[in-house]
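J.: Take a look at final_23.txt, compact mmCIF, C-alpha atoms and all ligand atoms:
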```
# COMPACT_ATOMS: atom_id res chain seq x y z
CA MET A 11 -25.39 9.79 21.52
CA SER A 12 -22.52 11.09 23.63
CA MET A 13 -20.28 13.84 22.31
CA LEU A 14 -17.44 11.39 21.94
CA THR A 15 -19.59 8.92 20.05
CA ARG A 16 -21.01 11.64 17.88
CA ARG A 17 -17.58 12.95 17.04
CA ARG A 18 -16.35 9.48 16.26
CA PHE A 19 -19.39 8.79 14.13
CA THR A 20 -18.82 12.00 12.19
CA GLN A 21 -15.25 11.07 11.53
CA LEU A 22 -16.03 7.53 10.48
CA SER A 23 -18.75 8.62 8.13
CA ALA A 24 -16.56 11.26 6.52
CA MET A 25 -15.97 8.80 3.72
CA THR A 26 -18.59 6.50 2.31
CA ALA A 27 -18.22 3.42 0.16
CA GLY A 28 -17.25 4.09 -3.41
CA SER A 29 -17.43 7.81 -2.99
CA VAL A 30 -14.75 10.13 -4.18
CA LEU A 31 -12.52 10.61 -1.25
CA THR A 32 -11.81 14.29 -1.14
CA ALA A 33 -11.23 16.53 1.78
CA ARG A 34 -9.79 19.93 2.25
CA ARG A 35 -7.20 20.03 4.94
CA ALA A 36 -9.10 22.72 6.80
CA MET A 37 -11.97 20.26 7.20
CA GLY A 38 -9.83 17.32 8.23
CA THR A 39 -10.57 16.06 11.71
CA THR A 40 -8.07 14.40 13.96
CA ALA A 41 -9.87 12.20 16.44
CA SER A 42 -7.99 10.45 19.20
CA ASP A 43 -10.48 7.63 19.50
CA THR A 44 -11.61 5.38 16.68
CA THR A 45 -13.60 2.18 16.27
CA LEU A 46 -13.07 -0.16 13.35
CA GLU A 47 -15.70 -2.83 12.90
CA ILE A 48 -14.88 -5.77 10.64
CA ALA A 49 -17.98 -7.41 9.21
CA PRO A 50 -19.25 -9.22 6.11
CA TYR A 51 -20.03 -6.81 3.28
CA THR A 52 -21.21 -6.97 -0.31
CA LEU A 53 -19.17 -4.72 -2.58
CA GLU A 54 -21.03 -3.45 -5.61
CA ALA A 55 -18.21 -2.64 -8.07
CA SER A 56 -20.94 -2.14 -10.67
CA PRO A 57 -24.59 -3.26 -10.72
CA LYS A 58 -23.39 -6.40 -12.51
CA HIS A 59 -20.33 -7.05 -10.36
CA ARG A 60 -20.93 -7.86 -6.71
CA PHE A 61 -18.44 -9.42 -4.34
CA ARG A 62 -19.23 -10.93 -0.96
CA THR A 63 -16.32 -9.89 1.22
CA LEU A 64 -15.31 -8.14 4.46
CA ALA A 65 -15.10 -4.44 5.13
CA PHE A 66 -14.23 -1.97 7.88
CA ASN A 67 -17.32 0.00 8.99
CA GLY A 68 -19.33 -1.09 5.95
CA GLN A 69 -17.22 0.59 3.30
CA ILE A 70 -14.37 -0.22 0.90
CA PRO A 71 -11.85 1.26 1.39
CA GLY A 72 -12.51 1.61 5.12
CA PRO A 73 -12.74 5.06 6.73
CA LEU A 74 -9.89 7.50 6.20
CA LEU A 75 -8.23 7.83 9.57
CA ARG A 76 -6.39 11.04 10.30
CA MET A 77 -4.09 11.07 13.28
CA ARG A 78 -1.58 13.53 14.63
CA GLN A 79 2.05 12.51 14.97
CA GLY A 80 2.88 11.81 18.60
CA GLN A 81 -0.65 12.42 19.87
CA GLU A 82 -1.98 9.42 21.76
CA GLN A 83 -4.53 7.51 19.73
CA SER A 84 -6.89 4.71 20.72
CA ILE A 85 -8.32 2.24 18.27
CA THR A 86 -10.90 -0.41 19.04
CA VAL A 87 -11.14 -3.20 16.48
CA ARG A 88 -14.31 -5.26 16.70
CA ASN A 89 -14.33 -8.52 14.76
CA LEU A 90 -17.84 -9.43 13.59
CA ALA A 91 -16.48 -11.81 10.92
CA ASN A 92 -16.61 -15.55 11.50
CA GLU A 93 -12.85 -16.07 11.41
CA PRO A 94 -10.00 -14.56 13.43
CA GLU A 95 -8.73 -11.20 12.16
CA ILE A 96 -5.72 -8.96 12.67
CA VAL A 97 -5.08 -5.37 11.55
CA HIS A 98 -1.64 -4.15 10.50
CA TYR A 99 -0.85 -0.41 10.60
CA HIS A 100 1.41 -0.27 7.59
CA GLY A 101 4.36 2.13 7.75
CA LEU A 102 4.09 2.97 11.46
CA TYR A 103 6.70 2.47 14.15
CA LEU A 104 4.57 0.38 16.52
CA PRO A 105 5.60 -2.18 19.14
CA PRO A 106 5.44 -5.77 17.84
CA ASP A 107 2.53 -6.71 20.12
CA ILE A 108 0.23 -4.22 18.38
CA ASP A 109 1.85 -3.78 14.93
CA GLY A 110 -0.55 -6.33 13.50
CA ALA A 111 1.43 -9.42 12.49
CA MET A 112 1.10 -12.66 14.43
CA GLU A 113 4.66 -13.52 13.37
CA GLU A 114 5.79 -10.58 15.53
CA GLY A 115 3.55 -11.52 18.43
CA THR A 116 0.38 -9.49 17.89
CA PRO A 117 -2.58 -11.66 18.98
CA MET A 118 -5.34 -12.43 16.47
CA ILE A 119 -8.80 -11.11 17.33
CA PRO A 120 -11.23 -14.04 17.67
CA PRO A 121 -14.65 -13.85 16.00
CA GLY A 122 -17.02 -11.79 18.16
CA ALA A 123 -14.19 -10.22 20.17
CA GLU A 124 -12.69 -6.77 20.18
CA ALA A 125 -9.20 -5.49 20.80
CA HIS A 126 -7.97 -2.09 21.98
CA TYR A 127 -4.79 -0.44 20.85
CA THR A 128 -3.24 2.74 22.18
CA PHE A 129 -0.22 4.33 20.53
CA LYS A 130 1.43 7.55 19.47
CA PRO A 131 1.43 7.55 15.65
CA ASP A 132 4.77 8.04 13.92
CA PRO A 133 6.14 8.77 11.31
CA PRO A 134 3.95 11.42 9.63
CA GLY A 135 2.64 10.89 6.10
CA PHE A 136 0.43 8.65 3.99
CA ARG A 137 0.09 5.23 5.68
CA TRP A 138 -2.65 2.60 5.59
CA TYR A 139 -4.17 -0.23 7.59
CA HIS A 140 -5.09 -3.69 6.37
CA THR A 141 -5.76 -7.28 7.34
CA HIS A 142 -2.69 -9.49 7.78
CA THR A 143 -4.15 -12.99 7.62
CA PHE A 144 -3.52 -16.09 5.47
CA ALA A 145 -5.41 -16.71 2.22
CA GLY A 146 -3.98 -19.92 0.77
CA GLN A 147 -6.07 -20.90 -2.24
CA ASP A 148 -9.03 -18.72 -1.25
CA LEU A 149 -9.19 -15.57 -3.40
CA THR A 150 -11.72 -13.97 -1.03
CA LYS A 151 -9.48 -14.00 2.04
CA ALA A 152 -6.66 -11.90 3.53
CA MET A 153 -5.60 -9.06 1.19
CA PHE A 154 -7.76 -10.52 -1.58
CA SER A 155 -10.77 -9.48 0.55
CA GLY A 156 -9.95 -5.78 0.17
CA LEU A 157 -10.10 -5.31 3.96
CA HIS A 158 -8.10 -2.08 4.18
CA GLY A 159 -8.31 1.68 4.64
CA PHE A 160 -6.26 4.88 4.33
CA LEU A 161 -4.38 6.27 7.31
CA PHE A 162 -2.89 9.75 7.29
CA ILE A 163 -0.60 10.99 10.01
CA GLU A 164 -0.36 14.76 10.27
CA PRO A 165 1.55 16.86 9.61
CA GLY A 166 2.01 15.71 6.05
CA GLU A 167 2.57 17.88 3.04
CA ASP A 168 2.77 21.65 3.18
CA PRO A 169 -0.90 22.69 2.86
CA GLY A 170 0.10 25.68 0.72
CA ARG A 171 1.09 23.37 -2.10
CA TYR A 172 -2.36 22.11 -3.06
CA ASP A 173 -6.06 23.04 -3.09
CA ARG A 174 -7.69 19.62 -2.88
CA GLU A 175 -6.75 16.12 -1.76
CA VAL A 176 -8.05 12.93 -3.37
CA PHE A 177 -7.40 9.44 -1.95
CA LEU A 178 -7.44 6.65 -4.54
CA GLY A 179 -7.23 2.96 -3.63
CA LEU A 180 -6.49 0.39 -6.37
CA HIS A 181 -7.76 -3.16 -5.95
CA ASP A 182 -8.41 -6.40 -7.88
CA TRP A 183 -11.29 -8.80 -7.30
CA GLY A 184 -12.61 -12.26 -8.05
CA GLY A 185 -10.84 -14.55 -10.48
CA HIS A 186 -8.94 -17.77 -10.07
CA PHE A 187 -5.39 -19.12 -9.96
CA GLU A 188 -3.86 -19.85 -13.32
CA SER A 189 -0.45 -20.94 -14.55
CA SER A 190 1.82 -17.99 -15.41
CA SER A 191 4.67 -17.90 -17.92
CA ASP A 192 7.19 -19.25 -15.41
CA GLY A 193 4.97 -22.17 -14.46
CA ASN A 194 3.95 -20.69 -11.09
CA MET A 195 0.28 -20.33 -10.24
CA SER A 196 -0.83 -16.68 -10.03
CA PRO A 197 -4.22 -15.05 -9.48
CA ALA A 198 -6.01 -13.83 -12.62
CA TYR A 199 -8.70 -11.34 -11.64
CA ASP A 200 -12.17 -10.62 -13.08
CA VAL A 201 -12.60 -7.03 -11.92
CA SER A 202 -10.35 -4.10 -10.98
CA THR A 203 -11.52 -0.98 -9.14
CA ILE A 204 -10.57 2.41 -7.79
CA ASN A 205 -12.16 3.05 -4.37
CA GLY A 206 -14.28 -0.07 -4.85
CA LYS A 207 -15.92 1.03 -8.10
CA MET A 208 -15.36 0.10 -11.74
CA LEU A 209 -14.73 2.90 -14.23
CA GLY A 210 -17.98 4.77 -14.89
CA PHE A 211 -19.78 3.44 -11.81
CA GLY A 212 -18.38 5.66 -9.05
CA GLU A 213 -18.74 9.38 -8.46
CA PRO A 214 -16.32 11.39 -10.61
CA VAL A 215 -13.47 13.34 -9.07
CA ARG A 216 -14.76 16.89 -9.48
CA VAL A 217 -12.13 19.58 -9.98
CA LYS A 218 -11.90 23.21 -11.04
CA GLN A 219 -9.61 24.79 -13.57
CA GLY A 220 -6.49 26.19 -11.93
CA GLU A 221 -6.64 23.90 -8.89
CA ARG A 222 -3.66 21.92 -7.70
CA VAL A 223 -4.95 18.51 -6.73
CA LEU A 224 -2.91 16.22 -4.51
CA LEU A 225 -3.50 12.56 -5.39
CA HIS A 226 -2.79 9.97 -2.70
CA VAL A 227 -2.62 6.68 -4.58
CA LEU A 228 -2.48 3.37 -2.71
CA ASN A 229 -2.24 -0.03 -4.36
CA SER A 230 -4.04 -2.44 -2.04
CA SER A 231 -4.07 -5.26 -4.61
CA ALA A 232 -3.14 -8.59 -3.06
CA THR A 233 -0.72 -9.35 -5.88
CA ASP A 234 -0.64 -7.00 -8.88
CA VAL A 235 1.47 -3.98 -9.78
CA HIS A 236 -0.58 -1.15 -11.31
CA TRP A 237 0.22 1.66 -13.74
CA ILE A 238 -1.87 4.82 -13.42
CA ALA A 239 -2.15 7.85 -15.71
CA LEU A 240 -4.52 10.81 -15.99
CA ALA A 241 -5.34 11.56 -19.62
CA GLY A 242 -4.49 15.13 -20.62
CA HIS A 243 -2.28 15.71 -17.57
CA SER A 244 1.09 14.89 -16.11
CA LEU A 245 1.75 14.07 -12.48
CA ARG A 246 4.34 15.61 -10.21
CA VAL A 247 5.49 12.94 -7.75
CA ILE A 248 6.34 14.46 -4.38
CA GLU A 249 6.22 11.44 -2.06
CA LEU A 250 6.76 7.69 -2.20
CA ASP A 251 5.29 5.54 0.58
CA GLY A 252 4.29 8.76 2.33
CA ASN A 253 7.82 10.15 2.56
CA PRO A 254 8.91 13.28 0.63
CA VAL A 255 11.32 12.42 -2.21
CA PRO A 256 14.60 14.37 -2.56
CA GLN A 257 13.89 15.14 -6.22
CA PRO A 258 10.21 15.56 -7.13
CA GLN A 259 9.68 14.70 -10.80
CA THR A 260 6.94 15.25 -13.35
CA VAL A 261 6.00 11.94 -14.93
CA PRO A 262 3.45 10.67 -17.47
CA MET A 263 2.29 7.79 -15.24
CA LEU A 264 2.75 6.16 -11.85
CA ARG A 265 3.82 2.60 -11.19
CA VAL A 266 2.42 1.44 -7.88
CA ALA A 267 3.42 -1.98 -6.56
CA PRO A 268 1.26 -3.80 -4.00
CA ALA A 269 1.29 -1.85 -0.68
CA GLU A 270 3.15 1.10 -2.19
CA ARG A 271 1.79 4.66 -2.00
CA VAL A 272 2.53 7.51 -4.38
CA CYS A 273 1.57 11.14 -3.74
CA ALA A 274 1.47 13.35 -6.81
CA ILE A 275 0.29 16.88 -7.57
CA VAL A 276 -1.75 17.51 -10.69
CA GLU A 277 -2.25 21.02 -12.04
CA MET A 278 -5.75 21.22 -13.43
CA LYS A 279 -5.14 23.29 -16.53
CA ASN A 280 -6.72 21.20 -19.28
CA PRO A 281 -10.51 21.51 -18.89
CA GLY A 282 -12.60 18.54 -19.94
CA VAL A 283 -13.83 15.17 -18.77
CA TRP A 284 -10.93 12.73 -18.47
CA VAL A 285 -10.17 9.17 -17.43
CA LEU A 286 -7.71 8.53 -14.65
CA GLY A 287 -6.97 4.84 -15.03
CA GLU A 288 -4.77 1.82 -15.50
CA VAL A 289 -2.48 2.32 -18.46
CA ARG A 290 -2.71 -1.32 -19.59
CA LYS A 291 -5.87 -1.63 -21.69
CA HIS A 292 -7.03 -4.99 -20.33
CA VAL A 293 -6.84 -3.80 -16.72
CA GLN A 294 -8.72 -0.56 -17.47
CA ALA A 295 -11.28 -2.65 -19.37
CA ALA A 296 -11.68 -4.75 -16.20
CA GLY A 297 -12.71 -1.53 -14.44
CA MET A 298 -9.63 0.19 -13.02
CA GLY A 299 -10.39 3.83 -13.67
CA ILE A 300 -12.24 6.87 -12.39
CA VAL A 301 -13.62 9.92 -14.21
CA VAL A 302 -12.06 13.32 -13.54
CA GLU A 303 -14.51 16.08 -14.37
CA TYR A 304 -13.81 19.82 -14.55
CA ALA A 305 -16.61 22.10 -13.33
CA GLY A 306 -18.80 22.99 -16.29
CA ALA A 307 -17.28 20.38 -18.62
CA THR A 308 -19.51 17.83 -20.31
CA GLY A 309 -19.14 14.91 -22.70
CA LYS A 310 -17.77 11.40 -22.67
CA PRO A 311 -14.64 10.82 -20.56
CA VAL A 312 -11.52 10.94 -22.72
CA TRP A 313 -8.61 8.51 -22.46
CA THR A 314 -5.35 8.78 -24.35
CA GLN A 315 -3.32 5.59 -24.56
CA PRO A 316 0.38 5.99 -23.67
CA GLU A 317 2.71 3.86 -25.78
CA ASP A 318 5.06 2.59 -23.12
CA LEU A 319 5.11 1.81 -19.44
CA VAL A 320 7.62 4.20 -17.87
CA TRP A 321 8.85 4.31 -14.28
CA ASN A 322 12.14 4.45 -12.44
CA TYR A 323 12.73 4.82 -8.70
CA ARG A 324 16.16 6.37 -9.27
CA GLN A 325 14.91 9.65 -10.70
CA PHE A 326 13.44 10.60 -7.31
CA ALA A 327 16.63 9.99 -5.28
CA ALA A 328 19.40 12.50 -4.61
CA PRO A 329 22.54 12.14 -6.72
CA GLY A 330 25.16 9.81 -5.31
CA GLU A 331 27.98 11.00 -3.12
CA ALA A 332 30.77 9.20 -1.32
CA ARG A 333 29.71 7.66 1.96
CA MET A 334 31.24 9.23 5.02
CA SER A 335 33.96 7.12 6.55
CA GLY A 336 33.18 5.75 9.95
CA ASP A 337 29.57 5.11 8.97
CA GLU A 338 29.62 1.43 9.86
CA VAL A 339 27.13 -0.72 8.02
CA SER A 340 26.47 -4.43 8.54
CA ARG A 341 25.46 -6.27 5.40
CA ILE A 342 22.69 -8.85 5.40
CA ASN A 343 22.49 -10.88 2.19
CA LEU A 344 19.05 -12.11 1.19
CA ALA A 345 18.49 -14.27 -1.91
CA PHE A 346 14.93 -14.86 -3.15
CA ASP A 347 13.92 -17.92 -5.16
CA SER A 348 11.23 -20.56 -5.37
CA LYS A 349 11.37 -24.31 -5.17
CA PHE A 350 9.11 -26.46 -7.26
CA GLN A 351 7.61 -29.16 -5.05
CA GLY A 352 6.63 -31.58 -7.81
CA HIS A 353 3.56 -31.76 -10.05
CA GLY A 354 0.31 -31.10 -8.26
CA ASN A 355 2.08 -29.23 -5.46
CA GLU A 356 2.63 -25.52 -5.02
CA GLU A 357 6.08 -24.06 -5.25
CA LEU A 358 7.47 -22.63 -2.03
CA TRP A 359 9.10 -19.20 -1.88
CA ARG A 360 12.46 -19.06 -0.15
CA ILE A 361 14.79 -16.55 1.44
CA ASN A 362 18.35 -17.89 1.49
CA GLY A 363 17.05 -21.34 0.62
CA LYS A 364 14.48 -21.54 3.43
CA SER A 365 10.73 -20.95 3.61
CA TYR A 366 8.90 -19.45 6.59
CA PRO A 367 8.74 -20.58 9.38
CA GLN A 368 12.16 -22.18 8.73
CA THR A 369 13.72 -18.89 7.54
CA GLU A 370 16.70 -17.42 9.41
CA GLU A 371 16.07 -14.91 12.21
CA PRO A 372 18.91 -12.38 11.92
CA ILE A 373 19.77 -10.69 15.21
CA LEU A 374 19.93 -6.91 15.07
CA THR A 375 21.81 -4.67 17.49
CA ALA A 376 19.87 -1.55 18.46
CA GLY A 377 21.41 1.57 16.99
CA GLN A 378 23.31 -0.32 14.28
CA ARG A 379 22.86 0.47 10.58
CA TYR A 380 22.11 -2.50 8.33
CA ARG A 381 22.23 -2.92 4.57
CA LEU A 382 19.91 -5.53 3.08
CA VAL A 383 21.42 -6.82 -0.17
CA MET A 384 18.45 -8.45 -1.87
CA LYS A 385 19.11 -10.69 -4.84
CA ASN A 386 15.99 -11.74 -6.69
CA LEU A 387 16.96 -15.00 -8.37
CA SER A 388 13.37 -15.75 -9.39
CA MET A 389 11.38 -14.90 -12.50
CA ASP A 390 8.78 -12.89 -10.53
CA ASP A 391 8.96 -9.29 -9.30
CA HIS A 392 8.58 -9.01 -5.52
CA PRO A 393 7.25 -6.01 -3.54
CA VAL A 394 9.16 -6.56 -0.29
CA HIS A 395 8.05 -4.85 2.92
CA LEU A 396 9.85 -4.27 6.20
CA HIS A 397 7.56 -3.77 9.19
CA ARG A 398 8.04 -1.13 11.91
CA HIS A 399 10.96 0.62 10.17
CA THR A 400 11.67 2.95 7.25
CA PHE A 401 14.52 2.05 4.90
CA GLU A 402 16.61 4.13 2.52
CA VAL A 403 16.88 2.80 -1.03
CA ARG A 404 20.61 2.71 -1.86
CA GLN A 405 20.80 0.79 -5.10
CA VAL A 406 18.37 -0.65 -7.64
CA ASP A 407 19.44 -2.86 -10.55
CA ARG A 408 23.12 -1.77 -10.70
CA SER A 409 22.33 1.94 -10.31
CA PRO A 410 24.87 4.29 -8.78
CA GLU A 411 24.57 4.73 -5.02
CA LEU A 412 21.26 6.51 -4.26
CA HIS A 413 20.41 8.81 -1.36
CA GLY A 414 17.38 10.12 0.46
CA LEU A 415 14.72 7.82 -0.96
CA LEU A 416 12.82 6.60 2.12
CA LYS A 417 10.32 3.77 1.73
CA ASP A 418 8.77 0.77 3.44
CA VAL A 419 8.02 -1.28 0.30
CA LEU A 420 10.35 -1.83 -2.65
CA LEU A 421 9.60 -3.68 -5.85
CA VAL A 422 12.59 -5.90 -6.63
CA PRO A 423 12.22 -6.96 -10.28
CA ALA A 424 13.00 -10.49 -11.43
CA GLY A 425 16.70 -11.16 -11.87
CA THR A 426 17.86 -7.92 -10.22
CA THR A 427 19.56 -6.91 -6.99
CA ALA A 428 18.35 -4.08 -4.76
CA GLU A 429 20.05 -2.68 -1.68
CA VAL A 430 18.41 -0.77 1.16
CA GLU A 431 19.67 0.48 4.51
CA PHE A 432 17.91 1.00 7.80
CA VAL A 433 18.86 1.80 11.36
CA ALA A 434 17.71 -0.78 13.88
CA ASP A 435 15.93 1.73 16.10
CA HIS A 436 12.63 -0.02 16.93
CA PRO A 437 13.45 -3.03 19.12
CA GLY A 438 11.29 -6.11 18.92
CA ARG A 439 10.39 -8.77 16.40
CA THR A 440 10.23 -7.27 12.92
CA LEU A 441 8.60 -9.00 9.99
CA PHE A 442 10.08 -8.80 6.49
CA HIS A 443 8.05 -10.28 3.68
CA CYS A 444 6.90 -10.14 0.10
CA HIS A 445 3.61 -8.19 0.04
CA GLN A 446 2.25 -10.43 -2.68
CA GLN A 447 -0.30 -12.47 -0.72
CA ASP A 448 0.30 -15.79 -2.47
CA HIS A 449 4.06 -15.40 -2.02
CA MET A 450 3.96 -14.62 1.70
CA ASP A 451 1.46 -17.43 2.21
CA ARG A 452 3.95 -19.82 0.63
CA GLY A 453 6.99 -18.99 2.68
CA PHE A 454 8.29 -15.56 1.60
CA MET A 455 8.64 -14.17 5.13
CA MET A 456 11.29 -13.83 7.76
CA VAL A 457 11.59 -12.21 11.19
CA PHE A 458 14.42 -9.96 12.37
CA ARG A 459 15.04 -10.04 16.09
CA TYR A 460 16.88 -7.59 18.31
CA ALA A 461 19.71 -8.72 20.57
CU CU B 501 6.77 -11.98 -4.03
```
Transcribe the structure of this file into C-alpha cells.
T.:
Amino acid sequence: MSMLTRRRFTQLSAMTAGSVLTARRAMGTTASDTTLEIAPYTLEASPKHRFRTLAFNGQIPGPLLRMRQGQEQSITVRNLANEPEIVHYHGLYLPPDIDGAMEEGTPMIPPGAEAHYTFKPDPPGFRWYHTHTFAGQDLTKAMFSGLHGFLFIEPGEDPGRYDREVFLGLHDWGGHFESSSDGNMSPAYDVSTINGKMLGFGEPVRVKQGERVLLHVLNSSATDVHWIALAGHSLRVIELDGNPVPQPQTVPMLRVAPAERVCAIVEMKNPGVWVLGEVRKHVQAAGMGIVVEYAGATGKPVWTQPEDLVWNYRQFAAPGEARMSGDEVSRINLAFDSKFQGHGNEELWRINGKSYPQTEEPILTAGQRYRLVMKNLSMDDHPVHLHRHTFEVRQVDRSPELHGLLKDVLLVPAGTTAEVEFVADHPGRTLFHCHQQDHMDRGFMMVFRYA
C-alpha cells in the first residue's frame, strides 16, 4: 500500500457505517485526494429492518470528507452501481461541469466508469455531497437511496468554542406513495434513522459532564422536514446551512428541512442517559433517534415530549435596517404551484406556470444583485435550493426586512412568500429546484444562465 493510498484509506475509514460520528478537531485530517466508490449496499437500520440500496464506500452516511478552503482537492468517483450516477457537492461554488447536476452540464458517470474532479473548495463550513439522479415512482432511487455523505470545509467554527463534534444525518426509508391531504401523492415511510440506525440500534453518542458538544445536523431525507430535540437539554444554534448566523439563539428544538444543515452547541450539564430524536412521536417510533449517554450514567434512555413544534428563521437574522441607496437589485418573481393532470396521472409542479424542462431560463449579469421573490401558491411546503451560490434571506412570510442570514436552502411554507438575494458571482448554468425528490422529478426545477 503506497503512502498516499494508506493515507486515503485512513481518512475514508475514519467513519464507519452507523457509528457515532465524532471527531476532535485536532484529529481531523485534511486529505487532498479522495476516492468515492458507489456500490450496492444493504443497510441494517435494525436487525429487523434491512434496505437494499447504494452507498459511498460501503457506509451510510458516506465518509466524512474534510477539505481545506482554497486548497486543491481531487476526488475520484467510481460507479459500481448498474445505473448512471452523478454526485452533487451541495453548498460549494463549483463550475457547472463538475457541480453535479446534469441540468447544468455535469456528465453522468456510466456504470463501471469513474470520473475525476479537481477543485478548490469554497466556501468554508458544513456542506454535504449526494446523488442528483431521478427517482420517479421508485422509492429506492435518487435521494430516497440515502446515497450521501458529510463534507466539511475548514476553517469552520472557532475550535475554542467546543470540545467535541458530532455529525448526525437524518433519513427516511422504505414505504410507498400515498394520497396526502391536498390530493397529491407523497411518500409515506416505514423507517427513519439517524446515521443509518434506528433508535436503540446504533452506538450512543458518549459525552462527559461539562463538555460543549457541537452537533452538525443534516437532513438528507428525500422529502420530509424533521424536528429534532435532545431531552434534558437546549440547543444553541450557531450556524444554518454551514454559515454562522448573526444572532445565535438557544432553542428547545431544531427544524431541519430536506438538504438543510443546522449546527448547534449543547452544554452537557444534565448527567443521564437521554434520547436525541424526532419530536413527533410517530417519527421517533419509526426509529429517528439516537441515545446520548454521559460517562458513568446508566439506565433507560429518557425522552421528554415537547408540547409544540417551535421554529422560526427570523430569530437568527440581524434586525432590519434601511437598505443603502444605490444598492441596485433586480427582482425575479417566481410563483410555485402544481397542475393536476387528470385522474390516474401525477400532478406536475410549476414555476411561473411551467414545468421543467419548459421552465424559463432567466439571464443573469455577472456582478449584479438579484432578489428572488418566491410565492408559494401551493398547499405544500417547499425546501428550495440554489446551486453554486449562497443567498441572503431577506423576508419570510411578511417579516420585516432581514439581514445576514446566509443559506443555500430555504423552506417556503404553503401559501407564503419568501424573498432572498444573491450576487451573480459564479458564472455558468445554475440550477434552482425544490429539494423534495418527488417535486423536482415532476418539474420543480429551473436553470439560471449568465449573459
Ligand atoms: Cu417542493
J.: For ligand CU 501 (chain B), return the neighbouring residues as a ChimeraX atom specification (distance at most 9 Å; only C-alpha atoms and all ligand atoms).
T.: /A:233,346,359,390-394,421-422,443-450,454
J.: Would you please work out which residue, of A:Pro367, A:Gly72, A:Gly184, A:Gly135, is nearest to Pro254 of chain A when using all atoms listed in the file?
T.: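 Nearest candidate to Pro254 of chain A out of A:Pro367, A:Gly72, A:Gly184, A:Gly135: A:Gly135.
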J.: Find the spatial neighbours of Val320 of chain A, counting all atoms listed in the file, within a cut-off of 9 Å - ignore same-chain residues fewer than 5 positions away - and output them as a PDB file with C-alpha atoms, in the coordinates of the input.
T.:
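Once written, selection-v4.pdb looks like this:
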```pdb
ATOM      1  CA  TRP A 237       0.220   1.660 -13.740  1.00  0.00           C
ATOM      2  CA  VAL A 261       6.000  11.940 -14.930  1.00  0.00           C
ATOM      3  CA  PRO A 262       3.450  10.670 -17.470  1.00  0.00           C
ATOM      4  CA  MET A 263       2.290   7.790 -15.240  1.00  0.00           C
ATOM      5  CA  LEU A 264       2.750   6.160 -11.850  1.00  0.00           C
ATOM      6  CA  ARG A 265       3.820   2.600 -11.190  1.00  0.00           C
TER       7      ARG A 265
END
```
J.: Using all atoms listed in the file, determine which residues lie at most 8 Å from Gly122 of chain A, disregarding the query and same-chain residues fewer than 5 positions distant; provide the list as a tab-separated table (two decimals) with C-alpha atoms, in the frame of the given file.
T.:
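Saved file around06.tsv follows:
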```tsv
chain	number	residue	atom	x	y	z
A	88	ARG	CA	-14.31	-5.26	16.70
A	89	ASN	CA	-14.33	-8.52	14.76
A	90	LEU	CA	-17.84	-9.43	13.59
A	91	ALA	CA	-16.48	-11.81	10.92
A	92	ASN	CA	-16.61	-15.55	11.50
```
J.: One number please: atom CA of Met298 of chain A to atom CA of Leu178 of chain A, in Å, one decimal.
T.: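 Going from atom CA of Met298 of chain A over to atom CA of Leu178 of chain A covers 10.9 Å.
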J.: Tell me, as a PDB file with C-alpha atoms, keeping the file's coordinate frame, which residues lie within 9 Å of segment 47-62 of chain A, counting all atoms listed in the file; anything in the same chain fewer than 4 positions away does not count.
T.:
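File produced: around04.pdb:
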```
ATOM      1  CA  ALA A  27     -18.220   3.420   0.160  1.00  0.00           C
ATOM      2  CA  GLY A  28     -17.250   4.090  -3.410  1.00  0.00           C
ATOM      3  CA  PHE A  66     -14.230  -1.970   7.880  1.00  0.00           C
ATOM      4  CA  ASN A  67     -17.320   0.000   8.990  1.00  0.00           C
ATOM      5  CA  GLY A  68     -19.330  -1.090   5.950  1.00  0.00           C
ATOM      6  CA  GLN A  69     -17.220   0.590   3.300  1.00  0.00           C
ATOM      7  CA  ILE A  70     -14.370  -0.220   0.900  1.00  0.00           C
ATOM      8  CA  THR A  86     -10.900  -0.410  19.040  1.00  0.00           C
ATOM      9  CA  VAL A  87     -11.140  -3.200  16.480  1.00  0.00           C
ATOM     10  CA  ARG A  88     -14.310  -5.260  16.700  1.00  0.00           C
ATOM     11  CA  ASN A  89     -14.330  -8.520  14.760  1.00  0.00           C
ATOM     12  CA  LEU A  90     -17.840  -9.430  13.590  1.00  0.00           C
ATOM     13  CA  ALA A  91     -16.480 -11.810  10.920  1.00  0.00           C
ATOM     14  CA  ASN A  92     -16.610 -15.550  11.500  1.00  0.00           C
ATOM     15  CA  GLU A  95      -8.730 -11.200  12.160  1.00  0.00           C
ATOM     16  CA  GLU A 124     -12.690  -6.770  20.180  1.00  0.00           C
ATOM     17  CA  THR A 150     -11.720 -13.970  -1.030  1.00  0.00           C
ATOM     18  CA  SER A 155     -10.770  -9.480   0.550  1.00  0.00           C
ATOM     19  CA  LEU A 157     -10.100  -5.310   3.960  1.00  0.00           C
ATOM     20  CA  TRP A 183     -11.290  -8.800  -7.300  1.00  0.00           C
ATOM     21  CA  GLY A 184     -12.610 -12.260  -8.050  1.00  0.00           C
ATOM     22  CA  VAL A 201     -12.600  -7.030 -11.920  1.00  0.00           C
ATOM     23  CA  SER A 202     -10.350  -4.100 -10.980  1.00  0.00           C
ATOM     24  CA  THR A 203     -11.520  -0.980  -9.140  1.00  0.00           C
ATOM     25  CA  GLY A 206     -14.280  -0.070  -4.850  1.00  0.00           C
ATOM     26  CA  LYS A 207     -15.920   1.030  -8.100  1.00  0.00           C
ATOM     27  CA  MET A 208     -15.360   0.100 -11.740  1.00  0.00           C
ATOM     28  CA  LEU A 209     -14.730   2.900 -14.230  1.00  0.00           C
ATOM     29  CA  GLY A 210     -17.980   4.770 -14.890  1.00  0.00           C
ATOM     30  CA  PHE A 211     -19.780   3.440 -11.810  1.00  0.00           C
ATOM     31  CA  GLY A 212     -18.380   5.660  -9.050  1.00  0.00           C
ATOM     32  CA  GLY A 297     -12.710  -1.530 -14.440  1.00  0.00           C
TER      33      GLY A 297
END
```
J.: List every protein, DNA or RNA residue that has an atom no more than 9 Å from (-2.5, 2.4, 21.3) in the file's coordinate frame, counting all atoms listed in the file, and report them as JSON, numbers by chain.
T.: {"A": [82, 83, 84, 85, 104, 108, 126, 127, 128, 129, 130, 131]}
J.: Just how far from atom CA of Val227 of chain A is atom CA of Phe326 of chain A, in Å to one decimal?
T.: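 So the two atoms, atom CA of Phe326 of chain A and atom CA of Val227 of chain A, lie 16.8 Å apart.
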